[in-house]
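Chemist: To be precise about what I am sending: the file is called final_18.txt and holds compact mmCIF, C-alpha atoms and all ligand atoms.
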# COMPACT_ATOMS: atom_id res chain seq x y z
CA MET A 30 37.76 48.30 -76.87
CA MET A 31 37.16 51.15 -74.41
CA PRO A 32 35.01 53.87 -75.98
CA GLU A 33 37.65 56.52 -75.20
CA VAL A 34 40.26 54.47 -77.07
CA ARG A 35 37.89 53.90 -80.01
CA ALA A 36 37.26 57.66 -80.21
CA ALA A 37 40.99 58.36 -79.98
CA ALA A 38 41.72 55.90 -82.81
CA ALA A 39 39.17 57.71 -84.98
CA ARG A 40 40.74 61.07 -84.10
CA LEU A 41 44.22 59.79 -85.03
CA ALA A 42 42.96 58.22 -88.27
CA ALA A 43 41.40 61.56 -89.24
CA ALA A 44 44.73 63.27 -88.51
CA GLY A 45 46.50 60.91 -90.94
CA VAL A 46 48.40 58.86 -88.36
CA ALA A 47 49.57 55.62 -90.03
CA SER A 48 48.62 53.16 -87.25
CA PRO A 49 45.75 54.87 -85.36
CA ARG A 50 44.40 51.93 -83.35
CA HIS A 51 47.83 50.73 -82.27
CA ASP A 52 48.85 54.24 -81.20
CA ALA A 53 45.55 54.94 -79.37
CA GLU A 54 45.98 51.69 -77.43
CA GLN A 55 49.66 52.28 -76.74
CA LEU A 56 48.94 55.75 -75.34
CA ALA A 57 46.15 54.37 -73.11
CA ALA A 58 48.48 51.65 -71.86
CA HIS A 59 51.16 54.28 -71.17
CA VAL A 60 48.78 56.55 -69.23
CA LEU A 61 47.50 53.62 -67.17
CA GLY A 62 50.92 52.05 -66.63
CA LEU A 63 49.71 48.76 -68.14
CA SER A 64 50.79 46.55 -71.01
CA ARG A 65 48.64 46.94 -74.15
CA ALA A 66 47.38 43.36 -73.71
CA LYS A 67 45.82 44.27 -70.34
CA LEU A 68 43.59 47.00 -71.84
CA VAL A 69 40.93 44.38 -72.70
CA LEU A 70 40.26 44.00 -68.96
CA LEU A 71 38.88 47.57 -68.73
CA ASP A 72 35.43 48.82 -69.86
CA ARG A 73 36.18 52.52 -69.47
CA LEU A 74 39.22 54.71 -69.05
CA PRO A 75 39.42 55.57 -65.32
CA ALA A 76 38.27 59.19 -64.79
CA GLY A 77 41.61 60.25 -63.34
CA ALA A 78 43.42 59.29 -66.56
CA ALA A 79 41.06 60.92 -69.06
CA ASP A 80 42.62 64.41 -69.19
CA ARG A 81 46.18 63.13 -69.60
CA TYR A 82 45.02 60.67 -72.27
CA ALA A 83 43.18 63.39 -74.22
CA GLU A 84 46.28 65.58 -74.06
CA LEU A 85 48.54 62.83 -75.43
CA VAL A 86 46.07 61.93 -78.18
CA GLU A 87 46.01 65.57 -79.32
CA LEU A 88 49.81 65.66 -79.40
CA ARG A 89 49.86 62.46 -81.43
CA ALA A 90 47.24 63.95 -83.79
CA ALA A 91 49.65 66.86 -84.21
CA ARG A 92 52.13 64.16 -85.34
CA VAL A 93 54.45 64.11 -82.35
CA PRO A 94 56.04 60.62 -82.60
CA LEU A 95 54.43 57.98 -80.39
CA GLN A 96 57.83 57.15 -78.88
CA HIS A 97 58.38 60.77 -77.79
CA LEU A 98 55.04 60.64 -75.94
CA THR A 99 55.72 57.33 -74.20
CA GLY A 100 59.45 58.12 -73.78
CA THR A 101 60.57 54.68 -74.94
CA ALA A 102 61.27 52.66 -78.07
CA GLY A 103 61.56 48.88 -78.19
CA PHE A 104 64.63 47.60 -80.03
CA ARG A 105 65.34 43.85 -80.14
CA ARG A 106 65.35 42.79 -76.44
CA LEU A 107 65.75 46.34 -75.12
CA GLU A 108 63.54 49.29 -74.11
CA LEU A 109 65.45 52.47 -74.90
CA ALA A 110 64.80 55.97 -73.60
CA VAL A 111 64.14 58.39 -76.46
CA GLY A 112 62.81 61.90 -76.91
CA PRO A 113 63.53 65.23 -78.59
CA GLY A 114 67.15 65.42 -79.77
CA VAL A 115 67.66 61.79 -80.73
CA PHE A 116 66.65 59.60 -83.68
CA VAL A 117 63.94 57.10 -82.71
CA PRO A 118 65.33 53.60 -83.45
CA ARG A 119 63.34 51.89 -86.21
CA PRO A 120 62.29 48.23 -86.55
CA GLU A 121 64.18 47.94 -89.86
CA THR A 122 67.47 48.64 -88.04
CA GLU A 123 66.90 45.43 -86.07
CA VAL A 124 68.00 43.69 -89.30
CA LEU A 125 71.42 45.37 -89.06
CA ALA A 126 71.68 44.47 -85.35
CA GLY A 127 70.62 40.87 -86.03
CA TRP A 128 73.15 40.51 -88.83
CA ALA A 129 75.83 41.96 -86.54
CA VAL A 130 75.05 39.47 -83.76
CA GLY A 131 75.04 36.53 -86.21
CA SER A 132 78.30 37.63 -87.85
CA LEU A 133 80.10 37.44 -84.48
CA ALA A 134 79.23 33.79 -83.85
CA GLY A 135 82.41 31.97 -82.85
CA VAL A 136 84.48 35.18 -82.36
CA ARG A 137 85.78 35.27 -78.76
CA GLU A 138 85.41 38.62 -76.96
CA PRO A 139 84.86 40.50 -80.23
CA LEU A 140 85.81 44.15 -80.57
CA VAL A 141 82.94 46.09 -82.15
CA VAL A 142 82.58 49.72 -83.26
CA ASP A 143 79.13 51.22 -83.90
CA LEU A 144 79.32 54.44 -85.91
CA CYS A 145 76.49 57.02 -85.87
CA ALA A 146 75.22 55.57 -82.59
CA GLY A 147 72.23 57.86 -81.83
CA SER A 148 70.36 56.41 -78.83
CA GLY A 149 72.90 53.57 -78.69
CA ALA A 150 70.37 51.08 -80.11
CA VAL A 151 72.69 48.97 -82.28
CA ALA A 152 75.66 49.16 -79.89
CA LEU A 153 73.55 48.16 -76.88
CA ALA A 154 71.77 45.35 -78.74
CA VAL A 155 75.12 43.85 -79.79
CA ALA A 156 76.48 44.20 -76.23
CA ASP A 157 73.29 42.62 -74.90
CA GLU A 158 73.24 39.67 -77.30
CA VAL A 159 76.95 38.88 -77.70
CA PRO A 160 78.41 37.91 -74.32
CA GLY A 161 81.95 39.20 -73.90
CA ALA A 162 81.72 41.75 -76.72
CA ARG A 163 83.56 45.04 -76.18
CA VAL A 164 81.58 47.72 -77.98
CA HIS A 165 82.62 51.28 -78.77
CA ALA A 166 79.94 53.66 -80.02
CA VAL A 167 80.63 56.94 -81.84
CA GLU A 168 78.21 59.87 -82.12
CA ARG A 169 78.87 63.45 -83.22
CA ASP A 170 75.78 65.21 -81.86
CA PRO A 171 75.98 66.02 -78.12
CA HIS A 172 72.18 65.86 -77.70
CA ALA A 173 72.01 62.36 -79.15
CA LEU A 174 75.06 61.35 -77.13
CA ALA A 175 73.28 62.42 -73.90
CA TRP A 176 70.44 59.98 -74.72
CA ALA A 177 72.98 57.23 -75.46
CA GLU A 178 74.66 57.91 -72.09
CA ARG A 179 71.33 57.55 -70.35
CA ASN A 180 70.64 54.24 -72.11
CA VAL A 181 74.13 52.86 -71.47
CA ASN A 182 73.92 53.77 -67.77
CA THR A 183 70.44 52.24 -67.42
CA ARG A 184 71.71 49.07 -69.04
CA ALA A 185 74.77 48.97 -66.83
CA ARG A 186 72.58 49.24 -63.70
CA ALA A 187 70.33 46.46 -65.03
CA ALA A 188 73.29 44.14 -65.64
CA ARG A 189 73.78 43.36 -61.95
CA GLY A 190 77.15 41.83 -61.16
CA HIS A 191 78.90 43.44 -64.12
CA LEU A 192 81.17 46.29 -63.12
CA ASP A 193 82.02 47.35 -66.67
CA LEU A 194 79.74 49.52 -68.75
CA PRO A 195 78.46 47.45 -71.68
CA VAL A 196 79.33 50.14 -74.23
CA THR A 197 82.01 52.83 -74.31
CA LEU A 198 80.71 56.06 -75.82
CA HIS A 199 82.83 58.50 -77.81
CA ARG A 200 81.88 61.91 -79.09
CA GLY A 201 83.41 61.98 -82.57
CA ASP A 202 82.97 62.52 -86.29
CA VAL A 203 83.03 59.48 -88.59
CA ALA A 204 84.90 61.59 -91.15
CA ASP A 205 87.78 62.29 -88.72
CA PRO A 206 90.79 60.25 -89.97
CA ALA A 207 92.07 60.06 -86.36
CA LEU A 208 88.80 58.63 -84.94
CA LEU A 209 89.53 55.78 -82.47
CA ALA A 210 93.14 55.77 -83.76
CA ASP A 211 94.24 53.33 -81.03
CA LEU A 212 91.87 50.67 -82.45
CA THR A 213 93.24 50.90 -86.02
CA GLY A 214 93.43 47.47 -87.68
CA THR A 215 92.08 45.59 -84.63
CA VAL A 216 88.28 45.72 -84.86
CA ASP A 217 86.23 42.59 -85.64
CA LEU A 218 83.03 44.34 -86.69
CA VAL A 219 81.89 47.86 -87.66
CA THR A 220 78.18 48.68 -87.77
CA ALA A 221 76.54 51.90 -88.94
CA ASN A 222 73.08 53.28 -89.50
CA PRO A 223 74.21 56.63 -90.89
CA PRO A 224 72.04 59.50 -92.15
CA TYR A 225 71.31 58.46 -95.75
CA ILE A 226 68.29 60.39 -97.03
CA PRO A 227 69.19 62.48 -100.11
CA ASP A 228 68.88 66.21 -99.42
CA GLY A 229 65.48 67.55 -100.43
CA ALA A 230 63.64 64.19 -100.33
CA THR A 231 60.12 64.14 -98.87
CA VAL A 232 59.70 62.51 -95.45
CA GLU A 233 56.73 62.04 -93.10
CA ARG A 234 55.79 64.91 -90.78
CA GLU A 235 56.88 63.02 -87.66
CA VAL A 236 60.32 62.53 -89.21
CA ALA A 237 60.74 66.05 -90.63
CA GLU A 238 59.61 67.80 -87.45
CA HIS A 239 60.96 65.53 -84.71
CA ASP A 240 63.96 63.44 -85.83
CA PRO A 241 67.19 65.49 -85.68
CA ALA A 242 68.28 66.78 -89.12
CA ALA A 243 71.78 65.37 -88.51
CA ALA A 244 70.24 61.88 -88.30
CA LEU A 245 68.47 62.15 -91.65
CA TRP A 246 70.20 64.03 -94.43
CA GLY A 247 73.15 62.50 -96.24
CA GLY A 248 74.01 65.07 -98.92
CA PRO A 249 72.95 65.27 -102.59
CA ASP A 250 72.86 61.47 -103.16
CA GLY A 251 72.44 60.55 -99.48
CA LEU A 252 75.87 58.90 -99.39
CA ASP A 253 78.15 61.55 -97.81
CA VAL A 254 78.30 59.81 -94.41
CA VAL A 255 78.18 56.30 -95.96
CA ARG A 256 81.45 57.17 -97.77
CA ALA A 257 82.97 58.35 -94.49
CA VAL A 258 81.81 55.11 -92.81
CA GLU A 259 83.48 53.06 -95.56
CA ARG A 260 86.79 54.88 -95.05
CA ALA A 261 86.61 54.59 -91.25
CA ALA A 262 85.73 50.87 -91.45
CA ALA A 263 88.58 50.17 -93.90
CA ARG A 264 91.02 51.71 -91.39
CA LEU A 265 89.58 50.23 -88.18
CA LEU A 266 88.89 46.61 -89.21
CA ARG A 267 91.40 43.82 -88.87
CA PRO A 268 91.95 41.66 -91.99
CA GLY A 269 88.82 39.49 -92.27
CA GLY A 270 86.74 41.86 -90.12
CA ARG A 271 83.27 42.79 -91.34
CA VAL A 272 81.18 45.92 -91.80
CA GLY A 273 77.40 46.32 -92.06
CA VAL A 274 75.75 49.57 -93.18
CA GLU A 275 72.01 50.26 -93.32
CA HIS A 276 70.74 52.24 -96.30
CA ALA A 277 67.54 53.37 -98.02
CA ASP A 278 65.67 50.89 -100.21
CA THR A 279 66.65 52.98 -103.25
CA GLN A 280 70.38 52.53 -102.47
CA GLY A 281 70.70 48.76 -102.97
CA GLU A 282 73.24 49.36 -105.78
CA SER A 283 74.80 52.70 -104.87
CA VAL A 284 75.91 51.67 -101.35
CA PRO A 285 77.55 48.37 -102.44
CA ALA A 286 79.31 50.46 -105.12
CA VAL A 287 80.91 52.57 -102.34
CA PHE A 288 82.61 49.32 -101.19
CA ASP A 289 83.90 48.52 -104.68
CA ARG A 290 87.55 48.99 -103.66
CA PRO A 291 90.47 46.56 -103.18
CA GLU A 292 90.06 46.89 -99.39
CA TRP A 293 86.84 44.83 -99.58
CA THR A 294 85.67 41.38 -100.50
CA GLU A 295 82.32 39.54 -100.13
CA VAL A 296 80.39 42.78 -100.75
CA ALA A 297 76.71 41.85 -100.51
CA ASP A 298 73.35 43.50 -100.10
CA HIS A 299 70.52 42.08 -97.95
CA PRO A 300 66.74 42.59 -97.95
CA ASP A 301 64.67 43.55 -94.90
CA LEU A 302 61.63 41.52 -93.78
CA ALA A 303 59.55 43.17 -96.50
CA GLY A 304 62.06 42.11 -99.16
CA ARG A 305 63.47 45.61 -99.77
CA PRO A 306 67.26 46.12 -100.04
CA ARG A 307 68.33 47.77 -96.76
CA LEU A 308 71.75 46.48 -95.65
CA THR A 309 75.18 46.34 -97.30
CA THR A 310 77.87 44.12 -95.77
CA ALA A 311 81.51 43.52 -96.70
CA ARG A 312 84.65 41.82 -95.39
CA ARG A 313 88.04 43.54 -95.05
CA THR A 314 90.65 41.94 -97.27
CA GLY A 315 93.80 40.54 -95.65
C1 LIG B 401 69.94 57.51 -88.56
S1 LIG B 401 70.60 57.95 -86.98
C2 LIG B 401 70.96 56.33 -86.34
C3 LIG B 401 71.00 56.24 -84.84
C4 LIG B 401 71.10 54.80 -84.29
N1 LIG B 401 72.30 54.12 -84.74
C5 LIG B 401 69.89 54.01 -84.69
O1 LIG B 401 70.01 53.13 -85.56
O2 LIG B 401 68.79 54.26 -84.17
C6 LIG B 401 72.20 58.57 -87.48
C7 LIG B 401 73.05 59.16 -86.35
O3 LIG B 401 74.33 59.54 -86.89
C8 LIG B 401 74.77 60.73 -86.29
N2 LIG B 401 75.76 61.34 -87.22
C9 LIG B 401 75.51 62.02 -88.36
N3 LIG B 401 76.64 62.37 -88.96
C10 LIG B 401 77.66 61.89 -88.18
C11 LIG B 401 79.08 61.94 -88.27
N4 LIG B 401 79.70 62.54 -89.31
N5 LIG B 401 79.81 61.35 -87.30
C12 LIG B 401 79.19 60.74 -86.24
N6 LIG B 401 77.84 60.66 -86.09
C13 LIG B 401 77.10 61.24 -87.06
C14 LIG B 401 73.50 61.53 -86.09
O4 LIG B 401 73.66 62.54 -85.11
C15 LIG B 401 72.50 60.43 -85.70
O5 LIG B 401 72.45 60.28 -84.31
Would you write out, as structure tokens, the structure that this file holds?

Modeler:
Amino acid sequence: MMPEVRAAAARLAAAGVASPRHDAEQLAAHVLGLSRAKLVLLDRLPAGAADRYAELVELRAARVPLQHLTGTAGFRRLELAVGPGVFVPRPETEVLAGWAVGSLAGVREPLVVDLCAGSGAVALAVADEVPGARVHAVERDPHALAWAERNVNTRARAARGHLDLPVTLHRGDVADPALLADLTGTVDLVTANPPYIPDGATVEREVAEHDPAAALWGGPDGLDVVRAVERAAARLLRPGGRVGVEHADTQGESVPAVFDRPEWTEVADHPDLAGRPRLTTARRTG
């Protein structure tokens, strides 16, 4: 490992960063415009990159999220643009996206609605992995929506030969009973990673200081927006359509309970890769 990167990892460890070596390497790769794997080919950080690297390491030590410093977050097969004003997509949400993709197997040209879209991570992953899907994404916060627009447009440019944008964005509130009224009763799948942290809970510094408050806090029990998602999904889905909602690992009973209504069948909860309950799914009754 380059001595500058070793020193940076020690600096980040002392600052309480959870993955100091990974982050020190990722920042070096970013500054040099290389993949992390290629760092082993270098003995020293080139002199011209040292100042910028030191600056980024100090910002990371001050707990600015790694993804805000590199400007990107990997999500399934995609690299998304992220920064101040939008929630950084998390690896655990790939479980929701993966379930969504699998649940659409055999559905021709499925109609999908992603609520609480943020950067557009879930909506874009579904559009990317389910050929023919028509995906609508809803976000209330204009700052987050601007990041989603950037990601949708980048993706559209990348998909050469396709004239249509992969995802249609809507500025809207999940709690609005008229949201996407023209799609009522026609949607095959609704996904949502809503804000679900109970008000007043303790979160890491990176999260508290850099993720937008609107992306985090879900009211006294964390379920205010989950309840709105359930109502919106019940209205939008066709009979037999499905909904998937991410939740905190402490909500493996309370979120399925939100779906304990005659509108739903096959209510189930699913663990993430670490075995913690993180995803509630249900099917709209006929
Ligand atoms: C946890 S973030 C998830 C973002 C993205 N889906 C992801 O998984 O990375 C939740 C998002 O929901 C948005 N949001 C919060 N309340 C909302 C509401 N009532 N209607 C629509 N969007 C809302 C927030 O602005 C934020 O972007």

Chemist: Suppose you want the space between CA of Gly269 (chain A) and CA of Ala162 (chain A); what is it in Å?

Modeler: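 Distance reported for this atom pair: 17.2 Å.
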
Chemist: What does the structure give for the distance between CA of Ala204 (chain A) and atom N5 of ligand LIG 401 (chain B), in Å to one decimal?

Modeler: 6.4 Å

Chemist: With a distance cut-off of 8 Å and only C-alpha atoms, select the neighbouring residues of Gln55 (chain A), excluding the residue or stretch itself and same-chain residues fewer than 4 positions from it, and output the selection as an MDAnalysis selection string.

Modeler: chainID A and resid 51 59 65

Chemist: Given a cut-off of 7 Å, what residues near ligand LIG 401 (chain B) show up using all atoms listed in the file, put as an MDAnalysis selection string?

Modeler: chainID A and resid 115:119 122 144:151 167:170 173 201:204 221:224 243:245 254

Chemist: Please provide the set of residues having any atom within 7 Å of Leu198 (chain A), restricted to only C-alpha atoms, with same-chain residues fewer than 2 positions apart removed, written as a PyMOL selection string.

Modeler: chain A and resi 165-167+196+200

Chemist: So how far away is CA of Tyr82 (chain A) from CA of Ala57 (chain A), in Å?

Modeler: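 Taking CA of Ala57 (chain A) and CA of Tyr82 (chain A), their separation equals 6.5 Å.
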
Chemist: Might you pull out every residue within 7 Å of Glu292 (chain A), with only C-alpha atoms counted and same-chain residues fewer than 5 positions away left off, and present them as a list of chain:residue names?

Modeler: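 The residues that qualify are A:Ala263, A:Arg313, A:Thr314.
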
Chemist: Those residues with C-alpha atoms, as a PDB file, keeping the file's coordinate frame please?

Modeler:
ATOM      1  CA  ALA A 263      88.580  50.170 -93.900  1.00  0.00           C
ATOM      2  CA  ARG A 313      88.040  43.540 -95.050  1.00  0.00           C
ATOM      3  CA  THR A 314      90.650  41.940 -97.270  1.00  0.00           C
TER       4      THR A 314
END

Chemist: Excluding same-chain residues fewer than 2 positions from Arg256 (chain A), what lies within 9 Å of it counting all atoms listed in the file, as a tab-separated table (two decimals) with C-alpha atoms, in the coordinates of the input?

Modeler:
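Dumped everything to selection34.tsv:
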chain	number	residue	atom	x	y	z
A	204	ALA	CA	84.90	61.59	-91.15
A	252	LEU	CA	75.87	58.90	-99.39
A	253	ASP	CA	78.15	61.55	-97.81
A	254	VAL	CA	78.30	59.81	-94.41
A	258	VAL	CA	81.81	55.11	-92.81
A	259	GLU	CA	83.48	53.06	-95.56
A	260	ARG	CA	86.79	54.88	-95.05
A	261	ALA	CA	86.61	54.59	-91.25
A	284	VAL	CA	75.91	51.67	-101.35
A	287	VAL	CA	80.91	52.57	-102.34
A	288	PHE	CA	82.61	49.32	-101.19

Chemist: Nearest to Leu125 (chain A) among A:Thr220, A:Asn180, A:Thr279, A:Thr101, with distances taken over only C-alpha atoms: which residue is it?

Modeler: A:Thr220

Chemist: A:Gly103, A:Pro75, A:Pro113, A:Pro206: which is nearest His239 (chain A), counting all atoms listed in the file?

Modeler: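 Going through A:Gly103, A:Pro75, A:Pro113, A:Pro206 one by one, the smallest distance to His239 (chain A) is for A:Pro113.
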
Chemist: Can you patch up region 94-115 of chain A, filling it in to N, CA, C and O atoms, and show the result as a PDB file, in the frame of the given file?

Modeler:
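Contents of selection-v3.pdb, as written:
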ATOM      1  N   PRO A  94      55.860  62.081 -82.537  1.00  0.00           N
ATOM      2  CA  PRO A  94      56.040  60.620 -82.600  1.00  0.00           C
ATOM      3  C   PRO A  94      55.543  59.926 -81.326  1.00  0.00           C
ATOM      4  O   PRO A  94      55.728  60.439 -80.214  1.00  0.00           O
ATOM      5  N   LEU A  95      54.930  58.777 -81.515  1.00  0.00           N
ATOM      6  CA  LEU A  95      54.430  57.980 -80.390  1.00  0.00           C
ATOM      7  C   LEU A  95      55.530  57.772 -79.336  1.00  0.00           C
ATOM      8  O   LEU A  95      55.296  57.901 -78.129  1.00  0.00           O
ATOM      9  N   GLN A  96      56.739  57.473 -79.813  1.00  0.00           N
ATOM     10  CA  GLN A  96      57.830  57.150 -78.880  1.00  0.00           C
ATOM     11  C   GLN A  96      58.256  58.365 -78.056  1.00  0.00           C
ATOM     12  O   GLN A  96      58.772  58.217 -76.958  1.00  0.00           O
ATOM     13  N   HIS A  97      58.068  59.583 -78.595  1.00  0.00           N
ATOM     14  CA  HIS A  97      58.380  60.770 -77.790  1.00  0.00           C
ATOM     15  C   HIS A  97      57.329  60.939 -76.687  1.00  0.00           C
ATOM     16  O   HIS A  97      57.628  61.480 -75.627  1.00  0.00           O
ATOM     17  N   LEU A  98      56.118  60.487 -76.936  1.00  0.00           N
ATOM     18  CA  LEU A  98      55.040  60.640 -75.940  1.00  0.00           C
ATOM     19  C   LEU A  98      55.167  59.585 -74.847  1.00  0.00           C
ATOM     20  O   LEU A  98      54.884  59.862 -73.685  1.00  0.00           O
ATOM     21  N   THR A  99      55.566  58.376 -75.224  1.00  0.00           N
ATOM     22  CA  THR A  99      55.720  57.330 -74.200  1.00  0.00           C
ATOM     23  C   THR A  99      57.131  57.372 -73.582  1.00  0.00           C
ATOM     24  O   THR A  99      57.344  56.824 -72.500  1.00  0.00           O
ATOM     25  N   GLY A 100      58.080  58.000 -74.301  1.00  0.00           N
ATOM     26  CA  GLY A 100      59.450  58.120 -73.780  1.00  0.00           C
ATOM     27  C   GLY A 100      60.305  56.893 -74.013  1.00  0.00           C
ATOM     28  O   GLY A 100      61.458  56.862 -73.573  1.00  0.00           O
ATOM     29  N   THR A 101      59.771  55.897 -74.708  1.00  0.00           N
ATOM     30  CA  THR A 101      60.570  54.680 -74.940  1.00  0.00           C
ATOM     31  C   THR A 101      60.367  54.147 -76.357  1.00  0.00           C
ATOM     32  O   THR A 101      59.348  54.392 -76.986  1.00  0.00           O
ATOM     33  N   ALA A 102      61.371  53.388 -76.803  1.00  0.00           N
ATOM     34  CA  ALA A 102      61.270  52.660 -78.070  1.00  0.00           C
ATOM     35  C   ALA A 102      61.821  51.263 -77.848  1.00  0.00           C
ATOM     36  O   ALA A 102      62.918  51.103 -77.299  1.00  0.00           O
ATOM     37  N   GLY A 103      61.069  50.261 -78.272  1.00  0.00           N
ATOM     38  CA  GLY A 103      61.560  48.880 -78.190  1.00  0.00           C
ATOM     39  C   GLY A 103      62.545  48.633 -79.306  1.00  0.00           C
ATOM     40  O   GLY A 103      62.330  49.080 -80.432  1.00  0.00           O
ATOM     41  N   PHE A 104      63.639  47.947 -78.995  1.00  0.00           N
ATOM     42  CA  PHE A 104      64.630  47.600 -80.030  1.00  0.00           C
ATOM     43  C   PHE A 104      65.234  46.244 -79.648  1.00  0.00           C
ATOM     44  O   PHE A 104      65.903  46.129 -78.637  1.00  0.00           O
ATOM     45  N   ARG A 105      64.930  45.220 -80.480  1.00  0.00           N
ATOM     46  CA  ARG A 105      65.340  43.850 -80.140  1.00  0.00           C
ATOM     47  C   ARG A 105      64.896  43.516 -78.719  1.00  0.00           C
ATOM     48  O   ARG A 105      63.735  43.618 -78.417  1.00  0.00           O
ATOM     49  N   ARG A 106      65.814  43.182 -77.782  1.00  0.00           N
ATOM     50  CA  ARG A 106      65.350  42.790 -76.440  1.00  0.00           C
ATOM     51  C   ARG A 106      65.299  43.984 -75.486  1.00  0.00           C
ATOM     52  O   ARG A 106      65.052  43.805 -74.304  1.00  0.00           O
ATOM     53  N   LEU A 107      65.554  45.186 -76.003  1.00  0.00           N
ATOM     54  CA  LEU A 107      65.750  46.340 -75.120  1.00  0.00           C
ATOM     55  C   LEU A 107      64.613  47.353 -75.209  1.00  0.00           C
ATOM     56  O   LEU A 107      63.944  47.446 -76.233  1.00  0.00           O
ATOM     57  N   GLU A 108      64.407  48.096 -74.125  1.00  0.00           N
ATOM     58  CA  GLU A 108      63.540  49.290 -74.110  1.00  0.00           C
ATOM     59  C   GLU A 108      64.474  50.472 -73.949  1.00  0.00           C
ATOM     60  O   GLU A 108      65.142  50.601 -72.919  1.00  0.00           O
ATOM     61  N   LEU A 109      64.529  51.337 -74.954  1.00  0.00           N
ATOM     62  CA  LEU A 109      65.450  52.470 -74.900  1.00  0.00           C
ATOM     63  C   LEU A 109      64.720  53.752 -74.610  1.00  0.00           C
ATOM     64  O   LEU A 109      63.594  53.952 -75.077  1.00  0.00           O
ATOM     65  N   ALA A 110      65.371  54.636 -73.848  1.00  0.00           N
ATOM     66  CA  ALA A 110      64.800  55.970 -73.600  1.00  0.00           C
ATOM     67  C   ALA A 110      65.059  56.827 -74.830  1.00  0.00           C
ATOM     68  O   ALA A 110      66.177  56.862 -75.357  1.00  0.00           O
ATOM     69  N   VAL A 111      64.010  57.485 -75.303  1.00  0.00           N
ATOM     70  CA  VAL A 111      64.140  58.390 -76.460  1.00  0.00           C
ATOM     71  C   VAL A 111      63.291  59.632 -76.230  1.00  0.00           C
ATOM     72  O   VAL A 111      62.377  59.629 -75.402  1.00  0.00           O
ATOM     73  N   GLY A 112      63.577  60.663 -76.989  1.00  0.00           N
ATOM     74  CA  GLY A 112      62.810  61.900 -76.910  1.00  0.00           C
ATOM     75  C   GLY A 112      63.412  62.918 -77.833  1.00  0.00           C
ATOM     76  O   GLY A 112      64.274  62.581 -78.669  1.00  0.00           O
ATOM     77  N   PRO A 113      62.993  64.182 -77.708  1.00  0.00           N
ATOM     78  CA  PRO A 113      63.530  65.230 -78.590  1.00  0.00           C
ATOM     79  C   PRO A 113      65.055  65.257 -78.543  1.00  0.00           C
ATOM     80  O   PRO A 113      65.650  65.170 -77.467  1.00  0.00           O
ATOM     81  N   GLY A 114      65.689  65.327 -79.708  1.00  0.00           N
ATOM     82  CA  GLY A 114      67.150  65.420 -79.770  1.00  0.00           C
ATOM     83  C   GLY A 114      67.824  64.134 -80.189  1.00  0.00           C
ATOM     84  O   GLY A 114      69.033  64.122 -80.423  1.00  0.00           O
ATOM     85  N   VAL A 115      67.039  63.049 -80.299  1.00  0.00           N
ATOM     86  CA  VAL A 115      67.660  61.790 -80.730  1.00  0.00           C
ATOM     87  C   VAL A 115      66.751  61.089 -81.733  1.00  0.00           C
ATOM     88  O   VAL A 115      65.521  61.186 -81.650  1.00  0.00           O
TER      89      VAL A 115
END
